[in-house]
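For reference, run08.cif is printed below; it contains mmCIF, N, CA and C atoms.
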data_target
#
loop_
_atom_site.label_atom_id
_atom_site.label_comp_id
_atom_site.auth_asym_id
_atom_site.auth_seq_id
_atom_site.Cartn_x
_atom_site.Cartn_y
_atom_site.Cartn_z
N MET S 1 0.83 -1.16 0.00
CA MET S 1 0.00 0.00 0.00
C MET S 1 0.89 1.24 0.00
N ALA S 2 0.66 2.14 -0.92
CA ALA S 2 1.47 3.35 -1.04
C ALA S 2 1.11 4.31 0.08
N GLN S 3 2.13 4.96 0.60
CA GLN S 3 1.91 5.95 1.65
C GLN S 3 1.82 7.32 1.00
N PRO S 4 0.97 8.19 1.53
CA PRO S 4 0.87 9.54 0.97
C PRO S 4 2.19 10.27 1.21
N ASP S 5 2.45 11.23 0.33
CA ASP S 5 3.68 12.02 0.49
C ASP S 5 3.63 12.76 1.82
N ARG S 6 4.69 12.60 2.57
CA ARG S 6 4.80 13.29 3.86
C ARG S 6 6.05 14.15 3.82
N PRO S 7 6.01 15.28 4.48
CA PRO S 7 7.23 16.09 4.52
C PRO S 7 8.31 15.34 5.29
N VAL S 8 9.52 15.44 4.81
CA VAL S 8 10.66 14.80 5.46
C VAL S 8 11.26 15.79 6.45
N HIS S 9 11.42 15.35 7.68
CA HIS S 9 11.99 16.23 8.70
C HIS S 9 13.44 16.54 8.36
N PRO S 10 13.81 17.80 8.27
CA PRO S 10 15.21 18.15 8.01
C PRO S 10 15.99 18.25 9.32
N TYR S 11 17.23 17.78 9.31
CA TYR S 11 18.09 17.85 10.48
C TYR S 11 19.30 18.71 10.18
N ARG S 12 19.62 19.62 11.08
CA ARG S 12 20.87 20.35 10.97
C ARG S 12 21.98 19.43 11.45
N ILE S 13 23.20 19.77 11.14
CA ILE S 13 24.35 18.92 11.45
C ILE S 13 24.38 18.52 12.93
N GLY S 14 24.22 19.46 13.82
CA GLY S 14 24.26 19.17 15.25
C GLY S 14 23.16 18.23 15.69
N GLU S 15 21.96 18.43 15.15
CA GLU S 15 20.84 17.54 15.48
C GLU S 15 21.10 16.13 14.97
N ALA S 16 21.58 16.03 13.74
CA ALA S 16 21.87 14.72 13.15
C ALA S 16 22.96 14.01 13.95
N ALA S 17 23.99 14.76 14.35
CA ALA S 17 25.07 14.18 15.15
C ALA S 17 24.52 13.63 16.46
N ALA S 18 23.65 14.39 17.11
CA ALA S 18 23.07 13.94 18.38
C ALA S 18 22.25 12.67 18.17
N MET S 19 21.54 12.58 17.07
CA MET S 19 20.73 11.39 16.78
C MET S 19 21.60 10.13 16.64
N LEU S 20 22.81 10.31 16.09
CA LEU S 20 23.69 9.16 15.86
C LEU S 20 24.72 8.98 16.96
N GLY S 21 24.74 9.88 17.94
CA GLY S 21 25.67 9.75 19.05
C GLY S 21 27.11 10.04 18.69
N VAL S 22 27.31 10.96 17.73
CA VAL S 22 28.66 11.35 17.32
C VAL S 22 28.77 12.86 17.46
N SER S 23 29.98 13.38 17.28
CA SER S 23 30.17 14.82 17.36
C SER S 23 29.72 15.49 16.06
N ALA S 24 29.45 16.77 16.16
CA ALA S 24 29.09 17.54 14.96
C ALA S 24 30.25 17.52 13.97
N ASP S 25 31.49 17.54 14.47
CA ASP S 25 32.65 17.47 13.57
C ASP S 25 32.68 16.16 12.79
N THR S 26 32.36 15.06 13.46
CA THR S 26 32.31 13.77 12.77
C THR S 26 31.25 13.80 11.68
N MET S 27 30.09 14.35 12.00
CA MET S 27 29.01 14.44 11.02
C MET S 27 29.45 15.30 9.83
N ARG S 28 30.10 16.42 10.10
CA ARG S 28 30.60 17.28 9.01
C ARG S 28 31.59 16.53 8.13
N ARG S 29 32.48 15.76 8.76
CA ARG S 29 33.47 15.00 7.98
C ARG S 29 32.77 13.97 7.09
N TRP S 30 31.74 13.30 7.62
CA TRP S 30 31.00 12.32 6.82
C TRP S 30 30.32 13.00 5.64
N VAL S 31 29.75 14.18 5.86
CA VAL S 31 29.10 14.92 4.76
C VAL S 31 30.17 15.36 3.76
N ASP S 32 31.27 15.93 4.25
CA ASP S 32 32.35 16.38 3.36
C ASP S 32 32.94 15.25 2.54
N ALA S 33 32.98 14.04 3.13
CA ALA S 33 33.54 12.88 2.43
C ALA S 33 32.53 12.23 1.48
N GLY S 34 31.29 12.73 1.49
CA GLY S 34 30.29 12.18 0.59
C GLY S 34 29.58 10.94 1.12
N ARG S 35 29.79 10.60 2.37
CA ARG S 35 29.11 9.43 2.95
C ARG S 35 27.63 9.70 3.18
N LEU S 36 27.30 10.97 3.33
CA LEU S 36 25.92 11.37 3.61
C LEU S 36 25.67 12.69 2.90
N ALA S 37 24.58 12.76 2.13
CA ALA S 37 24.27 13.97 1.36
C ALA S 37 23.59 15.00 2.24
N ALA S 38 23.97 16.25 2.02
CA ALA S 38 23.34 17.36 2.73
C ALA S 38 23.18 18.52 1.75
N THR S 39 22.20 19.35 2.02
CA THR S 39 22.00 20.56 1.24
C THR S 39 22.14 21.74 2.20
N ARG S 40 22.04 22.94 1.66
CA ARG S 40 22.12 24.14 2.51
C ARG S 40 20.76 24.83 2.53
N ASP S 41 20.39 25.31 3.70
CA ASP S 41 19.13 26.05 3.80
C ASP S 41 19.36 27.51 3.41
N ASP S 42 18.33 28.33 3.57
CA ASP S 42 18.41 29.75 3.20
C ASP S 42 19.46 30.51 3.99
N HIS S 43 19.83 30.00 5.14
CA HIS S 43 20.82 30.67 6.00
C HIS S 43 22.22 30.08 5.84
N GLY S 44 22.37 29.10 4.94
CA GLY S 44 23.67 28.50 4.70
C GLY S 44 23.99 27.31 5.59
N HIS S 45 23.05 26.93 6.46
CA HIS S 45 23.27 25.77 7.33
C HIS S 45 23.08 24.49 6.54
N ARG S 46 23.93 23.50 6.82
CA ARG S 46 23.77 22.20 6.17
C ARG S 46 22.57 21.48 6.75
N ILE S 47 21.77 20.92 5.85
CA ILE S 47 20.54 20.22 6.23
C ILE S 47 20.58 18.81 5.65
N ILE S 48 20.23 17.85 6.48
CA ILE S 48 20.18 16.44 6.05
C ILE S 48 18.72 16.00 6.13
N PRO S 49 18.14 15.55 5.02
CA PRO S 49 16.76 15.06 5.07
C PRO S 49 16.65 13.85 6.00
N GLY S 50 15.56 13.80 6.77
CA GLY S 50 15.37 12.74 7.75
C GLY S 50 15.40 11.35 7.16
N ASP S 51 14.85 11.17 5.96
CA ASP S 51 14.86 9.83 5.37
C ASP S 51 16.27 9.39 5.02
N ARG S 52 17.12 10.32 4.58
CA ARG S 52 18.52 9.97 4.28
C ARG S 52 19.29 9.67 5.57
N LEU S 53 19.01 10.47 6.62
CA LEU S 53 19.67 10.24 7.90
C LEU S 53 19.28 8.88 8.46
N ALA S 54 18.00 8.54 8.34
CA ALA S 54 17.53 7.24 8.84
C ALA S 54 18.21 6.09 8.09
N ALA S 55 18.32 6.20 6.78
CA ALA S 55 18.98 5.15 5.99
C ALA S 55 20.45 5.04 6.36
N PHE S 56 21.10 6.18 6.58
CA PHE S 56 22.51 6.19 6.97
C PHE S 56 22.68 5.56 8.35
N ALA S 57 21.77 5.87 9.29
CA ALA S 57 21.83 5.30 10.63
C ALA S 57 21.70 3.78 10.57
N ARG S 58 20.79 3.30 9.75
CA ARG S 58 20.63 1.84 9.61
C ARG S 58 21.89 1.21 9.03
N GLU S 59 22.50 1.88 8.07
CA GLU S 59 23.73 1.37 7.46
C GLU S 59 24.86 1.32 8.50
N LEU S 60 24.97 2.37 9.31
CA LEU S 60 26.00 2.39 10.35
C LEU S 60 25.81 1.27 11.37
N ALA S 61 24.55 0.93 11.63
CA ALA S 61 24.25 -0.07 12.66
C ALA S 61 24.41 -1.50 12.18
N ARG S 62 24.61 -1.71 10.88
CA ARG S 62 24.77 -3.07 10.38
C ARG S 62 26.01 -3.69 11.02
N PRO S 63 25.92 -4.95 11.42
CA PRO S 63 27.02 -5.60 12.12
C PRO S 63 28.36 -5.52 11.40
N GLU S 64 28.37 -5.62 10.10
CA GLU S 64 29.64 -5.58 9.38
C GLU S 64 30.25 -4.18 9.35
N ASN S 65 29.46 -3.16 9.68
CA ASN S 65 29.98 -1.80 9.73
C ASN S 65 30.30 -1.35 11.15
N ALA S 66 29.85 -2.11 12.13
CA ALA S 66 30.13 -1.75 13.52
C ALA S 66 31.59 -2.09 13.84
N GLU S 67 32.10 -1.49 14.89
CA GLU S 67 33.45 -1.81 15.31
C GLU S 67 33.50 -3.29 15.67
N ALA S 68 34.45 -3.99 15.07
CA ALA S 68 34.55 -5.43 15.31
C ALA S 68 34.98 -5.69 16.74
N GLU S 69 34.24 -6.52 17.41
CA GLU S 69 34.56 -6.90 18.78
C GLU S 69 35.41 -8.18 18.80
N GLY S 70 35.52 -8.83 17.64
CA GLY S 70 36.34 -10.02 17.58
C GLY S 70 35.60 -11.31 17.89
N ARG S 71 34.29 -11.23 18.14
CA ARG S 71 33.54 -12.45 18.42
C ARG S 71 32.11 -12.26 17.91
N PRO S 72 31.53 -13.32 17.38
CA PRO S 72 30.15 -13.20 16.89
C PRO S 72 29.17 -13.09 18.04
N SER S 73 28.06 -12.38 17.80
CA SER S 73 27.04 -12.22 18.83
C SER S 73 25.73 -11.88 18.16
N SER S 74 24.63 -12.33 18.75
CA SER S 74 23.33 -11.98 18.21
C SER S 74 22.86 -10.63 18.74
N ALA S 75 23.50 -10.12 19.78
CA ALA S 75 23.12 -8.82 20.33
C ALA S 75 23.66 -7.71 19.44
N ARG S 76 22.86 -6.71 19.18
CA ARG S 76 23.26 -5.63 18.29
C ARG S 76 23.44 -4.29 18.99
N ASN S 77 22.95 -4.19 20.21
CA ASN S 77 23.01 -2.92 20.92
C ASN S 77 24.18 -2.93 21.89
N ARG S 78 25.28 -2.31 21.49
CA ARG S 78 26.49 -2.29 22.28
C ARG S 78 26.79 -0.85 22.68
N PHE S 79 27.06 -0.67 23.97
CA PHE S 79 27.34 0.65 24.49
C PHE S 79 28.73 0.64 25.14
N PRO S 80 29.77 0.91 24.37
CA PRO S 80 31.10 0.97 24.98
C PRO S 80 31.21 2.21 25.87
N GLY S 81 31.84 2.03 27.00
CA GLY S 81 31.97 3.15 27.92
C GLY S 81 32.97 2.86 29.02
N ILE S 82 32.78 3.55 30.13
CA ILE S 82 33.69 3.44 31.27
C ILE S 82 32.87 3.09 32.51
N VAL S 83 33.40 2.17 33.31
CA VAL S 83 32.74 1.80 34.55
C VAL S 83 32.85 2.99 35.51
N THR S 84 31.70 3.41 36.05
CA THR S 84 31.70 4.54 36.97
C THR S 84 31.43 4.14 38.41
N GLU S 85 30.80 2.97 38.61
CA GLU S 85 30.53 2.52 39.97
C GLU S 85 30.28 1.02 39.97
N VAL S 86 30.77 0.35 41.01
CA VAL S 86 30.50 -1.07 41.22
C VAL S 86 30.14 -1.24 42.68
N VAL S 87 28.96 -1.83 42.93
CA VAL S 87 28.52 -2.12 44.28
C VAL S 87 28.49 -3.63 44.42
N LEU S 88 29.41 -4.17 45.24
CA LEU S 88 29.50 -5.61 45.42
C LEU S 88 28.69 -6.07 46.61
N GLY S 89 27.87 -7.09 46.38
CA GLY S 89 27.13 -7.73 47.45
C GLY S 89 27.72 -9.10 47.68
N ASP S 90 27.07 -9.92 48.51
CA ASP S 90 27.56 -11.26 48.77
C ASP S 90 27.53 -12.12 47.50
N VAL S 91 26.48 -11.97 46.69
CA VAL S 91 26.29 -12.81 45.52
C VAL S 91 26.27 -12.01 44.22
N ALA S 92 25.73 -10.80 44.28
CA ALA S 92 25.54 -10.00 43.06
C ALA S 92 26.38 -8.73 43.10
N ALA S 93 26.51 -8.13 41.92
CA ALA S 93 27.20 -6.84 41.80
C ALA S 93 26.36 -5.93 40.91
N GLN S 94 26.24 -4.70 41.33
CA GLN S 94 25.58 -3.69 40.51
C GLN S 94 26.69 -2.90 39.81
N VAL S 95 26.67 -2.91 38.48
CA VAL S 95 27.72 -2.25 37.70
C VAL S 95 27.10 -1.11 36.91
N GLU S 96 27.68 0.07 37.04
CA GLU S 96 27.21 1.25 36.31
C GLU S 96 28.26 1.66 35.29
N ILE S 97 27.81 1.87 34.06
CA ILE S 97 28.70 2.29 32.97
C ILE S 97 28.17 3.59 32.39
N GLN S 98 29.05 4.54 32.13
CA GLN S 98 28.69 5.74 31.39
C GLN S 98 29.16 5.52 29.96
N ALA S 99 28.21 5.45 29.04
CA ALA S 99 28.50 5.20 27.63
C ALA S 99 28.01 6.40 26.84
N GLY S 100 28.91 7.36 26.61
CA GLY S 100 28.48 8.60 25.98
C GLY S 100 27.47 9.27 26.88
N PRO S 101 26.31 9.66 26.35
CA PRO S 101 25.31 10.31 27.19
C PRO S 101 24.45 9.33 27.98
N PHE S 102 24.73 8.02 27.83
CA PHE S 102 23.88 7.01 28.44
C PHE S 102 24.49 6.43 29.70
N ARG S 103 23.69 6.34 30.74
CA ARG S 103 24.07 5.65 31.98
C ARG S 103 23.39 4.30 31.94
N VAL S 104 24.18 3.24 31.98
CA VAL S 104 23.64 1.88 31.92
C VAL S 104 24.01 1.18 33.22
N VAL S 105 23.01 0.57 33.86
CA VAL S 105 23.23 -0.15 35.11
C VAL S 105 22.81 -1.60 34.90
N SER S 106 23.68 -2.52 35.34
CA SER S 106 23.39 -3.94 35.20
C SER S 106 23.65 -4.66 36.52
N LEU S 107 22.83 -5.65 36.77
CA LEU S 107 23.04 -6.51 37.94
C LEU S 107 23.62 -7.83 37.42
N ILE S 108 24.84 -8.14 37.83
CA ILE S 108 25.51 -9.37 37.41
C ILE S 108 26.03 -10.09 38.65
N SER S 109 26.56 -11.28 38.46
CA SER S 109 27.09 -11.99 39.62
C SER S 109 28.36 -11.31 40.11
N ARG S 110 28.59 -11.42 41.40
CA ARG S 110 29.81 -10.87 41.98
C ARG S 110 31.04 -11.54 41.36
N GLU S 111 30.94 -12.85 41.16
CA GLU S 111 32.04 -13.60 40.55
C GLU S 111 32.38 -13.03 39.17
N SER S 112 31.38 -12.73 38.35
CA SER S 112 31.63 -12.17 37.02
C SER S 112 32.29 -10.81 37.11
N ALA S 113 31.81 -9.97 38.00
CA ALA S 113 32.39 -8.63 38.17
C ALA S 113 33.86 -8.72 38.57
N GLU S 114 34.16 -9.67 39.47
CA GLU S 114 35.55 -9.83 39.92
C GLU S 114 36.42 -10.41 38.81
N GLU S 115 35.91 -11.41 38.07
CA GLU S 115 36.68 -12.01 36.98
C GLU S 115 36.98 -10.99 35.88
N LEU S 116 36.03 -10.09 35.62
CA LEU S 116 36.22 -9.07 34.60
C LEU S 116 37.00 -7.87 35.12
N ALA S 117 37.32 -7.87 36.40
CA ALA S 117 38.04 -6.76 37.04
C ALA S 117 37.31 -5.45 36.80
N LEU S 118 35.99 -5.48 37.02
CA LEU S 118 35.18 -4.28 36.83
C LEU S 118 35.32 -3.38 38.04
N VAL S 119 36.03 -2.30 37.84
CA VAL S 119 36.25 -1.29 38.88
C VAL S 119 36.06 0.07 38.21
N PRO S 120 35.75 1.10 38.99
CA PRO S 120 35.62 2.43 38.39
C PRO S 120 36.87 2.78 37.58
N GLY S 121 36.63 3.24 36.35
CA GLY S 121 37.72 3.61 35.45
C GLY S 121 38.03 2.55 34.41
N ALA S 122 37.54 1.32 34.60
CA ALA S 122 37.81 0.25 33.63
C ALA S 122 36.93 0.44 32.39
N PRO S 123 37.49 0.18 31.21
CA PRO S 123 36.67 0.22 30.00
C PRO S 123 35.77 -1.01 29.97
N ALA S 124 34.53 -0.84 29.54
CA ALA S 124 33.60 -1.96 29.48
C ALA S 124 32.54 -1.65 28.43
N THR S 125 31.84 -2.68 27.99
CA THR S 125 30.76 -2.52 27.03
C THR S 125 29.50 -3.15 27.59
N ALA S 126 28.42 -2.39 27.61
CA ALA S 126 27.12 -2.93 27.99
C ALA S 126 26.50 -3.49 26.71
N VAL S 127 26.12 -4.75 26.74
CA VAL S 127 25.51 -5.41 25.60
C VAL S 127 24.06 -5.66 25.96
N ILE S 128 23.16 -5.03 25.23
CA ILE S 128 21.74 -5.09 25.59
C ILE S 128 20.96 -5.85 24.52
N LYS S 129 20.25 -6.86 24.98
CA LYS S 129 19.39 -7.64 24.10
C LYS S 129 18.08 -7.85 24.84
N SER S 130 17.00 -7.37 24.26
CA SER S 130 15.69 -7.43 24.87
C SER S 130 15.75 -6.68 26.19
N THR S 131 15.45 -7.32 27.28
CA THR S 131 15.50 -6.65 28.58
C THR S 131 16.73 -7.05 29.39
N ASN S 132 17.65 -7.75 28.78
CA ASN S 132 18.83 -8.25 29.47
C ASN S 132 20.03 -7.38 29.14
N VAL S 133 20.78 -6.95 30.15
CA VAL S 133 21.99 -6.16 29.95
C VAL S 133 23.17 -6.99 30.40
N VAL S 134 24.10 -7.24 29.48
CA VAL S 134 25.31 -8.00 29.75
C VAL S 134 26.48 -7.03 29.74
N ILE S 135 27.43 -7.21 30.65
CA ILE S 135 28.61 -6.37 30.70
C ILE S 135 29.81 -7.17 30.20
N GLU S 136 30.57 -6.56 29.27
CA GLU S 136 31.80 -7.17 28.76
C GLU S 136 32.94 -6.23 29.04
N ARG S 137 34.06 -6.77 29.39
CA ARG S 137 35.26 -5.97 29.60
C ARG S 137 35.93 -5.76 28.26
N ARG S 138 36.24 -4.51 27.91
CA ARG S 138 36.89 -4.22 26.63
C ARG S 138 38.36 -4.41 26.76
#

As structure tokens:
Amino acid sequence: MAQPDRPVHPYRIGEAAAMLGVSADTMRRWVDAGRLAATRDDHGHRIIPGDRLAAFARELARPENAEAEGRPSSARNRFPGIVTEVVLGDVAAQVEIQAGPFRVVSLISRESAEELALVPGAPATAVIKSTNVVIERR
């Protein structure tokens, strides 16, 4: 079924960068390199049509384009960041990671937290699949 023509939301460079979780400079470099098309508005600002940005975001998220972790996984939502807090209990550990603008908290076994040497300042990746958050040491 054909959809009626809808206006495409235009994004300025900073907005598009925020949507993809990158800096405005990175977005400008991608546009300058021709990876993503942009036009200029009446004020000279670069504008990226929402449909093009969405297609580019999907392309970036494809597993073969993501940073290789070195192991296959069915999880696609990876949040690399830094451990900011670890609360150890008798059996479980609460691990907090700051991944860019995202704060991710996971409850894992104390044994796993100790084996991964998860302490504040350690690099780690939160791997999220469905409602489960897994922590990996980078």

Inset, instruction - Step by step, work through what the PyMOL selection byres ((chain S and resi 82) around 7) selects in the shown file, and finish by giving those residues as a list in words. - result: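 For this structure, the PyMOL selection byres ((chain S and resi 82) around 7) resolves to Pro80, Gly81, Val83, Thr84, Glu85, Glu96, Ile97, Gln98, Ala99, Gly100, Pro120, Gly121, Ala122, Pro123, Ala124 and Thr125 of chain S.
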
Legend entry - Residues matched by the PyMOL selection byres ((chain S and resi 50) around 7), written as a VMD selection string: chain S and resid 8 to 11 48 to 49 51 to 55

Legend entry - Selection under test: the PyMOL selection byres ((chain S and resi 14-16) around 8); residues as a list in words: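 Going through the file, the PyMOL selection byres ((chain S and resi 14-16) around 8) ends up selecting Pro10, Tyr11, Arg12, Ile13, Ala17, Ala18, Met19, Leu20, Gly21, Val22, Ser23, Ala24, Asp25, Met27, Arg28, Arg46, Ile48 and Leu53 of chain S.
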
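We find atom C of S:Ala57 and atom C of S:Asn77 to be spaced 13.4 Å apart.
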
Legend entry - atom C of S:Ala126 to atom CA of S:Phe79, straight-line distance in Å: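 For atom CA of S:Phe79 relative to atom C of S:Ala126, the distance reads 4.8 Å.
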
Legend entry - Residue set, chain S restricted to strand (DSSP E), as a VMD selection string: chain S and resid 10 to 12 39 to 40 46 to 49 77 to 88 92 to 99 102 to 109 123 to 129 132 to 137

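The space between atom C of S:His43 and atom CA of S:Val31 spans 16.7 Å.
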
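Considering only C-alpha atoms, the residue among S:Arg78, S:Glu111, S:Gln94, S:Trp30 positioned nearest to S:Lys129 is S:Arg78.
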
Legend entry - Contact residues around S:Ser109 with all atoms listed in the file at 8 Å, ignoring same-chain residues under 3 positions, as number ranges by chain: S: 88-94, 106, 112-115

Inset, instruction - Would you please work out which residue, of S:Ala117, S:Leu60, S:Ile108, S:Ala38, is nearest to S:Val134 when using all atoms listed in the file? - result: S:Ile108
